[in-house]
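To be precise, the following lines are data.txt, and they hold compact mmCIF, C-alpha atoms.
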# COMPACT_ATOMS: atom_id res chain seq x y z
CA MET C 1 -35.25 -84.15 14.74
CA ASP C 2 -36.81 -81.11 16.30
CA GLY C 3 -40.54 -81.52 16.44
CA ILE C 4 -43.63 -82.21 18.40
CA ALA C 5 -42.39 -85.51 19.87
CA ASP C 6 -39.54 -83.78 21.74
CA MET C 7 -41.81 -82.56 24.53
CA GLY C 8 -39.50 -82.10 27.53
CA GLY C 9 -39.91 -78.61 28.96
CA THR C 10 -42.39 -77.43 26.32
CA GLU C 11 -45.31 -75.24 27.38
CA GLY C 12 -49.00 -75.06 26.73
CA TRP C 13 -50.24 -78.50 27.79
CA GLY C 14 -52.21 -77.54 30.87
CA LEU C 15 -52.49 -79.61 34.01
CA THR C 16 -51.55 -83.26 34.33
CA HIS C 17 -54.23 -85.87 34.86
CA PRO C 18 -54.15 -87.68 38.20
CA PRO C 19 -53.83 -91.48 37.90
CA ARG C 20 -57.04 -93.44 37.72
CA VAL C 21 -57.19 -96.71 39.59
CA ASP C 22 -58.48 -99.57 37.41
CA GLU C 23 -57.85 -97.79 34.12
CA PRO C 24 -58.36 -100.44 31.43
CA VAL C 25 -55.37 -101.35 29.28
CA PHE C 26 -57.40 -100.48 26.20
CA ALA C 27 -60.22 -98.05 26.93
CA GLU C 28 -61.79 -98.78 23.54
CA PRO C 29 -61.54 -102.00 21.49
CA TRP C 30 -59.94 -100.28 18.48
CA GLN C 31 -56.99 -99.25 20.67
CA GLY C 32 -55.99 -102.85 21.35
CA ARG C 33 -56.33 -103.69 17.67
CA ALA C 34 -54.29 -100.63 16.65
CA PHE C 35 -51.58 -101.68 19.14
CA ALA C 36 -51.42 -105.29 17.93
CA LEU C 37 -51.57 -104.23 14.27
CA THR C 38 -48.65 -101.88 14.91
CA LEU C 39 -46.52 -104.67 16.40
CA LEU C 40 -47.29 -106.95 13.45
CA SER C 41 -46.82 -104.13 10.92
CA LEU C 42 -43.25 -103.60 12.11
CA GLN C 43 -42.48 -107.12 10.90
CA LEU C 44 -44.45 -106.67 7.66
CA ALA C 45 -42.58 -103.47 6.82
CA GLY C 46 -39.19 -104.89 7.84
CA TRP C 47 -38.54 -101.87 10.02
CA ASN C 48 -36.97 -101.48 13.47
CA VAL C 49 -38.27 -99.66 16.55
CA ASP C 50 -36.03 -96.63 15.92
CA ALA C 51 -37.43 -96.20 12.42
CA PHE C 52 -40.91 -96.52 13.87
CA ARG C 53 -40.23 -93.82 16.47
CA HIS C 54 -38.96 -91.63 13.63
CA ALA C 55 -42.25 -92.24 11.79
CA GLU C 56 -44.10 -91.11 14.93
CA GLU C 57 -42.09 -87.91 15.21
CA ARG C 58 -42.70 -87.08 11.53
CA LEU C 59 -46.47 -87.03 12.03
CA ASP C 60 -48.11 -83.66 11.96
CA ARG C 61 -49.62 -82.21 15.10
CA ARG C 62 -53.10 -83.55 14.48
CA ALA C 63 -51.91 -87.04 13.57
CA TYR C 64 -49.59 -87.08 16.59
CA LEU C 65 -52.07 -85.79 19.15
CA GLY C 66 -55.57 -86.08 17.73
CA ASP C 67 -56.42 -89.63 18.73
CA GLY C 68 -54.01 -90.08 21.62
CA TYR C 69 -51.32 -92.71 21.96
CA TYR C 70 -53.02 -95.48 20.02
CA GLY C 71 -54.09 -93.08 17.27
CA ARG C 72 -50.44 -92.05 17.01
CA LEU C 73 -49.37 -95.70 16.69
CA LEU C 74 -52.01 -96.22 13.99
CA ASN C 75 -50.91 -93.15 12.04
CA ALA C 76 -47.22 -94.03 12.31
CA ALA C 77 -48.01 -97.62 11.27
CA GLU C 78 -49.80 -96.24 8.20
CA LEU C 79 -46.79 -94.09 7.36
CA MET C 80 -44.46 -97.08 7.83
CA LEU C 81 -46.62 -99.42 5.71
CA THR C 82 -46.93 -96.77 3.02
CA GLU C 83 -43.19 -96.06 2.89
CA SER C 84 -42.37 -99.76 2.70
CA VAL C 85 -45.10 -100.00 0.03
CA VAL C 86 -47.05 -102.70 1.84
CA LEU C 87 -50.03 -100.35 1.45
CA ALA C 88 -50.84 -97.77 -1.20
CA PRO C 89 -50.93 -94.21 0.22
CA SER C 90 -54.71 -93.83 0.28
CA ALA C 91 -55.61 -97.47 0.97
CA ILE C 92 -56.71 -97.06 4.60
CA GLU C 93 -58.78 -93.99 3.93
CA ALA C 94 -60.52 -95.56 0.94
CA ARG C 95 -61.35 -98.73 2.86
CA ALA C 96 -62.51 -96.77 5.88
CA ARG C 97 -64.84 -94.73 3.69
CA ASN C 98 -66.28 -97.87 2.18
CA LEU C 99 -66.78 -99.30 5.67
CA HIS C 100 -68.61 -96.08 6.41
CA GLY C 101 -71.05 -96.71 3.59
CA GLU C 102 -69.44 -94.65 0.87
CA ARG C 103 -68.51 -96.21 -2.46
CA VAL C 104 -65.02 -95.11 -3.41
CA ALA C 105 -62.44 -96.83 -5.59
CA GLU C 106 -59.62 -98.50 -3.68
CA PRO C 107 -56.05 -98.35 -4.98
CA PRO C 108 -54.47 -101.56 -6.35
CA VAL C 109 -52.30 -103.65 -4.04
CA PRO C 110 -48.71 -102.46 -4.52
CA GLN C 111 -45.45 -104.38 -4.61
CA PRO C 112 -43.65 -103.95 -1.24
CA VAL C 113 -40.26 -102.22 -1.20
CA LYS C 114 -38.75 -103.04 2.16
CA PRO C 115 -35.55 -101.45 3.47
CA ASP C 116 -32.25 -103.23 3.05
CA TYR C 117 -32.01 -103.95 6.74
CA THR C 118 -31.19 -106.96 8.87
CA PRO C 119 -30.38 -106.57 12.56
CA THR C 120 -27.13 -108.20 13.70
CA ALA C 121 -28.87 -109.57 16.82
CA GLU C 122 -32.16 -109.37 18.63
CA GLY C 123 -33.00 -106.31 20.69
CA SER C 124 -30.85 -103.19 20.93
CA LEU C 125 -27.97 -104.15 23.24
CA ARG C 126 -24.64 -104.85 21.53
CA THR C 127 -21.03 -105.48 22.49
CA VAL C 128 -18.52 -102.73 21.81
CA HIS C 129 -14.85 -103.64 22.15
CA ALA C 130 -13.42 -100.13 22.49
CA ALA C 131 -13.23 -98.55 25.93
CA PRO C 132 -15.89 -96.01 26.90
CA ALA C 133 -14.87 -92.44 26.03
CA PHE C 134 -16.22 -91.02 29.29
CA ALA C 135 -15.92 -92.19 32.89
CA ALA C 136 -18.34 -92.13 35.78
CA GLY C 137 -17.95 -88.87 37.68
CA GLU C 138 -16.74 -86.98 34.62
CA ARG C 139 -18.27 -83.63 33.65
CA VAL C 140 -19.68 -83.71 30.13
CA ARG C 141 -21.70 -81.42 27.91
CA ALA C 142 -24.60 -82.48 25.70
CA LYS C 143 -23.82 -81.23 22.21
CA ASN C 144 -25.82 -78.24 21.06
CA ILE C 145 -26.87 -79.65 17.71
CA SER C 146 -30.15 -80.07 15.87
CA PRO C 147 -29.92 -83.24 13.75
CA ALA C 148 -32.29 -83.29 10.78
CA GLY C 149 -32.96 -87.02 11.16
CA HIS C 150 -33.89 -89.15 14.15
CA THR C 151 -32.10 -88.57 17.43
CA ARG C 152 -32.65 -89.25 21.11
CA LEU C 153 -30.73 -86.13 22.10
CA ALA C 154 -33.60 -84.27 23.74
CA HIS C 155 -33.51 -80.55 23.02
CA TYR C 156 -33.80 -79.45 26.63
CA VAL C 157 -30.37 -80.82 27.62
CA ARG C 158 -28.50 -79.55 24.54
CA GLY C 159 -25.62 -77.28 25.43
CA HIS C 160 -25.93 -78.10 29.13
CA THR C 161 -23.32 -79.62 31.41
CA GLY C 162 -23.88 -82.61 33.64
CA ILE C 163 -22.05 -85.47 35.32
CA VAL C 164 -21.81 -89.05 34.14
CA VAL C 165 -23.32 -91.20 36.88
CA ALA C 166 -23.29 -94.58 35.12
CA ILE C 167 -22.07 -96.24 31.96
CA GLN C 168 -24.87 -98.40 30.54
CA PRO C 169 -24.43 -101.28 28.09
CA ALA C 170 -23.66 -100.33 24.51
CA SER C 171 -26.71 -100.07 22.31
CA VAL C 172 -27.66 -99.63 18.67
CA LEU C 173 -27.45 -95.93 17.75
CA PRO C 174 -31.00 -94.75 16.95
CA ASP C 175 -29.70 -91.87 14.82
CA THR C 176 -28.42 -94.23 12.11
CA ASN C 177 -30.52 -97.33 12.78
CA ALA C 178 -33.75 -95.39 12.28
CA HIS C 179 -32.61 -94.60 8.74
CA PHE C 180 -31.27 -98.13 8.03
CA ARG C 181 -27.74 -96.73 7.88
CA GLY C 182 -26.23 -99.23 10.27
CA GLU C 183 -26.38 -100.13 13.94
CA ASN C 184 -23.21 -98.25 14.97
CA PRO C 185 -23.50 -99.39 18.59
CA GLN C 186 -22.22 -96.94 21.20
CA TYR C 187 -21.97 -96.80 24.95
CA VAL C 188 -24.87 -95.11 26.65
CA TYR C 189 -24.24 -92.83 29.62
CA THR C 190 -26.65 -91.89 32.34
CA VAL C 191 -25.90 -88.20 32.82
CA ARG C 192 -27.17 -86.21 35.78
CA PHE C 193 -28.10 -82.55 35.34
CA ASP C 194 -28.90 -80.07 38.06
CA SER C 195 -32.30 -78.40 37.58
CA HIS C 196 -30.74 -74.93 37.76
CA GLU C 197 -28.34 -75.78 34.95
CA LEU C 198 -31.32 -76.75 32.78
CA TRP C 199 -33.95 -74.24 33.81
CA GLY C 200 -32.20 -71.32 35.49
CA ALA C 201 -31.81 -69.89 38.94
CA ASP C 202 -35.52 -69.88 39.81
CA ALA C 203 -36.10 -73.54 39.00
CA GLU C 204 -37.36 -76.04 41.57
CA PRO C 205 -34.33 -77.76 43.12
CA PHE C 206 -34.04 -81.31 41.78
CA ALA C 207 -31.77 -83.58 39.74
CA LEU C 208 -32.53 -85.12 36.37
CA THR C 209 -30.89 -88.07 34.69
CA ILE C 210 -31.13 -88.90 31.00
CA GLU C 211 -29.40 -91.51 28.83
CA MET C 212 -26.99 -90.06 26.29
CA PHE C 213 -25.36 -91.99 23.47
CA GLU C 214 -21.60 -91.44 23.35
CA SER C 215 -21.71 -89.26 20.23
CA TYR C 216 -24.18 -86.87 21.90
CA LEU C 217 -21.57 -85.86 24.47
CA GLU C 218 -18.43 -83.75 24.48
CA MET C 219 -15.77 -82.95 27.05
CA THR C 220 -16.13 -79.72 28.96
CA ALA C 221 -13.27 -77.26 28.65
CA MET Q 1 -43.38 -84.01 6.59
CA THR Q 2 -46.42 -86.19 6.41
CA THR Q 3 -49.98 -85.03 6.76
CA ASN Q 4 -52.56 -87.60 7.66
CA GLU Q 5 -55.52 -85.61 6.42
CA SER Q 6 -57.81 -88.56 6.86
CA THR Q 7 -57.56 -88.34 10.65
CA GLU Q 8 -59.56 -85.13 10.45
CA ARG Q 9 -62.59 -86.82 9.02
CA ILE Q 10 -62.58 -90.55 9.70
CA PRO Q 11 -62.61 -91.89 13.26
CA ALA Q 12 -59.56 -93.84 14.36
CA SER Q 13 -61.76 -96.83 15.14
CA LEU Q 14 -62.86 -97.07 11.52
CA ARG Q 15 -59.34 -96.55 10.19
CA THR Q 16 -58.12 -99.32 12.48
CA GLU Q 17 -60.80 -101.64 11.15
CA ALA Q 18 -59.80 -100.70 7.60
CA LEU Q 19 -56.14 -101.48 8.29
CA GLU Q 20 -57.04 -104.81 9.86
CA GLN Q 21 -59.17 -105.79 6.85
CA LEU Q 22 -56.49 -104.75 4.34
CA LEU Q 23 -53.83 -106.84 6.08
CA THR Q 24 -55.94 -109.88 6.93
CA GLU Q 25 -57.55 -110.26 3.50
CA ARG Q 26 -54.09 -110.44 1.94
CA GLY Q 27 -53.06 -113.06 4.47
CA LEU Q 28 -50.42 -110.74 5.95
CA VAL Q 29 -51.95 -110.80 9.43
CA ASP Q 30 -53.63 -113.76 11.11
CA PRO Q 31 -56.66 -112.55 13.11
CA ASN Q 32 -55.94 -115.19 15.74
CA VAL Q 33 -52.44 -113.83 16.26
CA LEU Q 34 -53.89 -110.33 16.56
CA ASP Q 35 -56.38 -111.47 19.20
CA ALA Q 36 -53.65 -113.34 21.09
CA ILE Q 37 -51.47 -110.21 21.30
CA ILE Q 38 -54.37 -108.15 22.66
CA THR Q 39 -55.27 -110.80 25.24
CA ASP Q 40 -51.64 -111.12 26.29
CA TYR Q 41 -51.29 -107.39 26.99
CA GLU Q 42 -54.68 -107.26 28.70
CA THR Q 43 -54.01 -110.17 31.03
CA ASN Q 44 -50.37 -111.29 31.29
CA VAL Q 45 -48.12 -108.31 30.61
CA GLY Q 46 -49.04 -105.95 33.42
CA PRO Q 47 -48.00 -104.33 36.70
CA LEU Q 48 -48.48 -107.56 38.63
CA ASN Q 49 -45.09 -108.60 37.26
CA GLY Q 50 -43.39 -105.51 38.69
CA ALA Q 51 -45.28 -105.97 41.97
CA ARG Q 52 -43.81 -109.47 42.31
CA VAL Q 53 -40.31 -108.02 41.92
CA ILE Q 54 -40.97 -105.34 44.53
CA ALA Q 55 -42.59 -107.72 47.05
CA LYS Q 56 -39.62 -110.06 46.77
CA ALA Q 57 -37.23 -107.16 47.34
CA TRP Q 58 -39.19 -106.08 50.42
CA THR Q 59 -39.01 -109.54 51.98
CA ASP Q 60 -35.62 -110.82 50.84
CA PRO Q 61 -32.70 -108.49 51.73
CA GLU Q 62 -30.29 -110.35 49.48
CA TYR Q 63 -32.64 -110.03 46.49
CA ARG Q 64 -33.11 -106.35 47.30
CA ARG Q 65 -29.35 -105.75 47.17
CA TRP Q 66 -29.10 -107.68 43.89
CA LEU Q 67 -32.04 -105.76 42.39
CA LEU Q 68 -30.50 -102.37 43.22
CA ASP Q 69 -27.03 -103.48 42.12
CA ASP Q 70 -27.95 -105.30 38.88
CA GLY Q 71 -31.64 -104.83 38.16
CA THR Q 72 -31.56 -106.62 34.83
CA ALA Q 73 -30.12 -109.83 36.25
CA ALA Q 74 -32.37 -109.84 39.30
CA ILE Q 75 -35.47 -109.24 37.18
CA LYS Q 76 -34.40 -111.82 34.62
CA GLU Q 77 -34.40 -114.39 37.42
CA LEU Q 78 -38.16 -113.79 37.74
CA GLY Q 79 -38.65 -113.92 33.96
CA PHE Q 80 -39.62 -110.34 33.18
CA ILE Q 81 -36.93 -109.33 30.70
CA GLY Q 82 -38.16 -109.04 27.09
CA LEU Q 83 -39.64 -106.68 24.52
CA GLN Q 84 -39.19 -103.04 25.61
CA THR Q 85 -37.55 -104.26 28.83
CA GLU Q 86 -34.00 -105.25 27.90
CA HIS Q 87 -31.97 -103.45 30.54
CA VAL Q 88 -33.45 -102.20 33.80
CA VAL Q 89 -32.06 -99.91 36.46
CA VAL Q 90 -33.88 -99.97 39.81
CA VAL Q 91 -33.84 -96.94 42.11
CA GLU Q 92 -35.07 -96.85 45.68
CA ASN Q 93 -37.47 -94.31 47.16
CA THR Q 94 -36.77 -93.43 50.79
CA PRO Q 95 -38.10 -90.82 53.25
CA THR Q 96 -35.48 -88.37 51.94
CA SER Q 97 -35.00 -89.35 48.30
CA HIS Q 98 -37.71 -89.63 45.67
CA HIS Q 99 -37.37 -90.97 42.12
CA VAL Q 100 -39.85 -90.52 39.30
CA VAL Q 101 -39.68 -91.77 35.70
CA VAL Q 102 -40.74 -90.27 32.35
CA CYS Q 103 -40.03 -90.58 28.64
CA THR Q 104 -40.16 -87.09 27.15
CA LEU Q 105 -39.46 -88.23 23.57
CA CYS Q 106 -42.16 -90.90 23.19
CA SER Q 107 -43.59 -93.02 25.98
CA CYS Q 108 -40.90 -95.63 26.68
CA TYR Q 109 -41.97 -97.80 29.59
CA PRO Q 110 -40.92 -101.19 31.01
CA TRP Q 111 -43.71 -103.21 29.37
CA GLN Q 112 -42.69 -106.58 30.81
CA LEU Q 113 -42.79 -105.23 34.37
CA LEU Q 114 -45.63 -102.70 34.26
CA GLY Q 115 -47.61 -103.47 31.10
CA LEU Q 116 -48.52 -100.77 28.62
CA PRO Q 117 -48.25 -97.22 29.95
CA PRO Q 118 -51.30 -95.62 31.60
CA SER Q 119 -52.89 -92.53 30.05
CA TRP Q 120 -51.30 -90.07 32.49
CA TYR Q 121 -47.80 -91.29 31.54
CA LYS Q 122 -48.51 -90.63 27.84
CA ASP Q 123 -50.11 -87.26 28.51
CA PRO Q 124 -48.15 -84.39 26.88
CA ALA Q 125 -48.53 -82.39 30.10
CA TYR Q 126 -46.70 -85.10 32.06
CA ARG Q 127 -44.02 -85.63 29.40
CA ALA Q 128 -43.38 -81.90 29.10
CA ARG Q 129 -43.58 -80.76 32.71
CA ILE Q 130 -42.22 -83.50 34.99
CA VAL Q 131 -38.67 -82.67 33.81
CA LYS Q 132 -39.14 -78.97 34.59
CA GLU Q 133 -41.29 -78.73 37.71
CA PRO Q 134 -41.58 -82.23 39.21
CA ARG Q 135 -42.63 -81.15 42.70
CA LYS Q 136 -45.54 -79.16 41.31
CA VAL Q 137 -46.56 -81.92 38.91
CA LEU Q 138 -46.43 -84.61 41.60
CA SER Q 139 -48.55 -82.40 43.83
CA GLU Q 140 -51.13 -82.04 41.04
CA MET Q 141 -51.17 -85.81 40.75
CA GLY Q 142 -51.82 -86.20 44.46
CA LEU Q 143 -48.34 -86.78 45.84
CA GLU Q 144 -47.11 -84.09 48.23
CA LEU Q 145 -43.39 -84.26 49.04
CA ALA Q 146 -41.78 -82.39 51.92
CA ASP Q 147 -39.29 -79.69 50.95
CA GLU Q 148 -36.37 -81.70 52.31
CA VAL Q 149 -37.10 -84.67 50.03
CA GLN Q 150 -34.63 -84.71 47.15
CA ILE Q 151 -36.26 -85.43 43.81
CA THR Q 152 -34.54 -87.18 40.91
CA VAL Q 153 -36.35 -87.39 37.58
CA HIS Q 154 -35.28 -90.13 35.15
CA ASP Q 155 -35.92 -89.43 31.46
CA SER Q 156 -35.87 -92.80 29.63
CA SER Q 157 -34.31 -91.62 26.38
CA SER Q 158 -32.58 -94.91 25.42
CA GLU Q 159 -33.49 -98.59 25.79
CA VAL Q 160 -32.55 -98.41 29.49
CA ARG Q 161 -35.74 -98.75 31.53
CA TRP Q 162 -36.22 -97.48 35.08
CA LEU Q 163 -38.18 -99.11 37.89
CA VAL Q 164 -38.84 -97.45 41.24
CA LEU Q 165 -38.60 -99.57 44.39
CA PRO Q 166 -41.23 -97.86 46.54
CA GLU Q 167 -41.11 -97.55 50.31
CA ARG Q 168 -42.73 -100.41 52.13
CA PRO Q 169 -45.71 -98.94 54.00
CA ALA Q 170 -46.09 -99.02 57.76
CA GLY Q 171 -48.03 -101.90 59.25
CA THR Q 172 -46.85 -104.48 56.74
CA ALA Q 173 -43.87 -105.92 58.61
CA ASP Q 174 -45.70 -109.18 59.31
CA LEU Q 175 -47.18 -109.65 55.85
CA PRO Q 176 -45.71 -112.38 53.65
CA GLU Q 177 -44.64 -111.74 50.07
CA ASP Q 178 -47.88 -112.93 48.46
CA GLN Q 179 -49.98 -110.59 50.60
CA LEU Q 180 -47.73 -107.64 49.80
CA VAL Q 181 -48.10 -108.05 46.03
CA PRO Q 182 -51.70 -106.70 45.80
CA LEU Q 183 -50.69 -103.54 47.70
CA ILE Q 184 -48.05 -102.53 45.15
CA THR Q 185 -49.33 -100.17 42.49
CA ARG Q 186 -48.12 -99.30 39.02
CA ASP Q 187 -48.12 -95.60 39.92
CA ALA Q 188 -45.77 -96.16 42.87
CA MET Q 189 -43.39 -98.15 40.66
CA VAL Q 190 -43.13 -95.14 38.31
CA GLY Q 191 -42.80 -92.75 41.24
CA VAL Q 192 -45.97 -90.65 41.14
CA ALA Q 193 -47.60 -92.23 44.21
CA ARG Q 194 -46.80 -93.79 47.56
CA ILE Q 195 -48.01 -97.20 48.60
CA GLU Q 196 -50.72 -96.86 51.17
CA PRO Q 197 -50.81 -99.06 54.28
CA PRO Q 198 -53.38 -101.87 54.02
Rewrite the structure of this file - the entire thing - as structure tokens.
Amino acid sequence: MDGIADMGGTEGWGLTHPPRVDEPVFAEPWQGRAFALTLLSLQLAGWNVDAFRHAEERLDRRAYLGDGYYGRLLNAAELMLTESVVLAPSAIEARARNLHGERVAEPPVPQPVKPDYTPTAEGSLRTVHAAPAFAAGERVRAKNISPAGHTRLAHYVRGHTGIVVAIQPASVLPDTNAHFRGENPQYVYTVRFDSHELWGADAEPFALTIEMFESYLEMTA
Amino acid sequence: MTTNESTERIPASLRTEALEQLLTERGLVDPNVLDAIITDYETNVGPLNGARVIAKAWTDPEYRRWLLDDGTAAIKELGFIGLQTEHVVVVENTPTSHHVVVCTLCSCYPWQLLGLPPSWYKDPAYRARIVKEPRKVLSEMGLELADEVQITVHDSSSEVRWLVLPERPAGTADLPEDQLVPLITRDAMVGVARIEPP
């Protein structure tokens, strides 16, 4: 979906931050706990990583950015646990307020409603018996579409032409898997784009590669 | 569209504590398991794993060829294939060709080789800009590249993960593998830094 998560080429973020040597893995203790709780919550909700990424991209701007990466995980985990009815919608807020010294009523524990979803194998790589639709060296165009649901077709390559440089192993299609509508594994292509094709004649000269699922690509005329 | 209004008023630390209580008191999460995950990512799953791969490639020409030809198999031999690191492509930085890795859509990163991503990798400015003006961004981050160096940016949009094989620095020809490992940095294996001579 189009939204805040699809950041490639967007403006307004200011300068980058130079790397810090010895940056701790978790700068604050809650970040480690939010990370571990997110991993465990995926199992509790019965979701997959694509569905989780879709939860992240559905967060509003403040929930996505306000508390950084681990805040984003926490907020997406809350959305996931709420949608799979492991938690009532206001449960975290009510408990947090009580931890803060307020006295608010907490919602009753709900009955979970997990998605009808079982992966066919571990991980995301799958075997596809059909031949790949595109070959290395072939010119391809990224489709200029704006799917309403989850997709990994980044907006900044849409409508642009590149060259297939490698065929990667087939993988579960995030666009359907994120919505529990099947794994639909497809070949994944590493496609190389010239910077001028993406950003115009004045762009810095460089090449960019991105992985495209087969259904994101079309032949060029 | 979901609005998490509570994030405006309640600190994330307190909301995390609330979530942990809600899940542990119902027996859905074991606090010991939670602690074990945190310890694992703080101590075991980190850039030392990637550094071992790179040091081996620097000292063993056959392994280097294998790593560049079939990164997944060569890395699996050392035991670093797993969660968020299922299929790895390794690209080599040289005096004339520079590779740098990003995930513009979230913050995909080869956890088993490099650990959890550092803050600069997750920064919206990096995610947004490295695919549009990489030479300028790398310069901001402290890496100046000569005009003749060709830059390739790799946007990790699928479960394919990218690892950069950095240039071996001058003055290290006599160092054995185990003394090379501590020189190899996370930032160089993503492509935003060079490895400095010892």
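Compared by their closest atoms to chain C, and using only C-alpha atoms, the residues Q:Ala173, Q:Val164, Q:Cys103, Q:Val53 rank with Q:Cys103 nearest.
Straight-line separation from atom CA of C:Leu87 to atom CA of Q:Gln21: 11.9 Å.
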**Study point:** Test item: chain Q residues at most 7 Å from chain C, counting only C-alpha atoms, as an MDAnalysis selection string
**Key:** chainID Q and resid 1:4 6:7 12:16 18:19 34 37:38 42 104:106 116 120 122 124:129 131:133 137 140:142 150:158
**Study point:** Residue neighbourhood Q:Gly79, 10 Å, all atoms listed in the file, exclusion window fewer than 4 positions, as a list in words
**Key:** Asn49, Ala73, Ala74, Ile75, Gln112 and Leu113 of chain Q
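We find atom CA of C:Thr118 and atom CA of C:Glu214 to be spaced 23.3 Å apart.
With all atoms listed in the file as the atoms that count, the residue of Q:Pro197, Q:Glu62, Q:Val101, Q:Glu20 with the shortest distance to Q:Asn32 is Q:Glu20.
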Practice item. Give me the residues within 10 Å of stretch 189-195 of chain Q as an NGL selection string, counting only C-alpha atoms and dropping any in the same chain fewer than 2 places off. Key: (:C and (18-19)) or (:Q and (47 or 50-51 or 54 or 90-93 or 98-102 or 109-110 or 113-114 or 121 or 134 or 137-139 or 141-144 or 152-154 or 162-170 or 183-187 or 197-198))
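One distance worth recording is that between atom CA of C:Pro185 and atom CA of C:Gly149, which is 17.3 Å.
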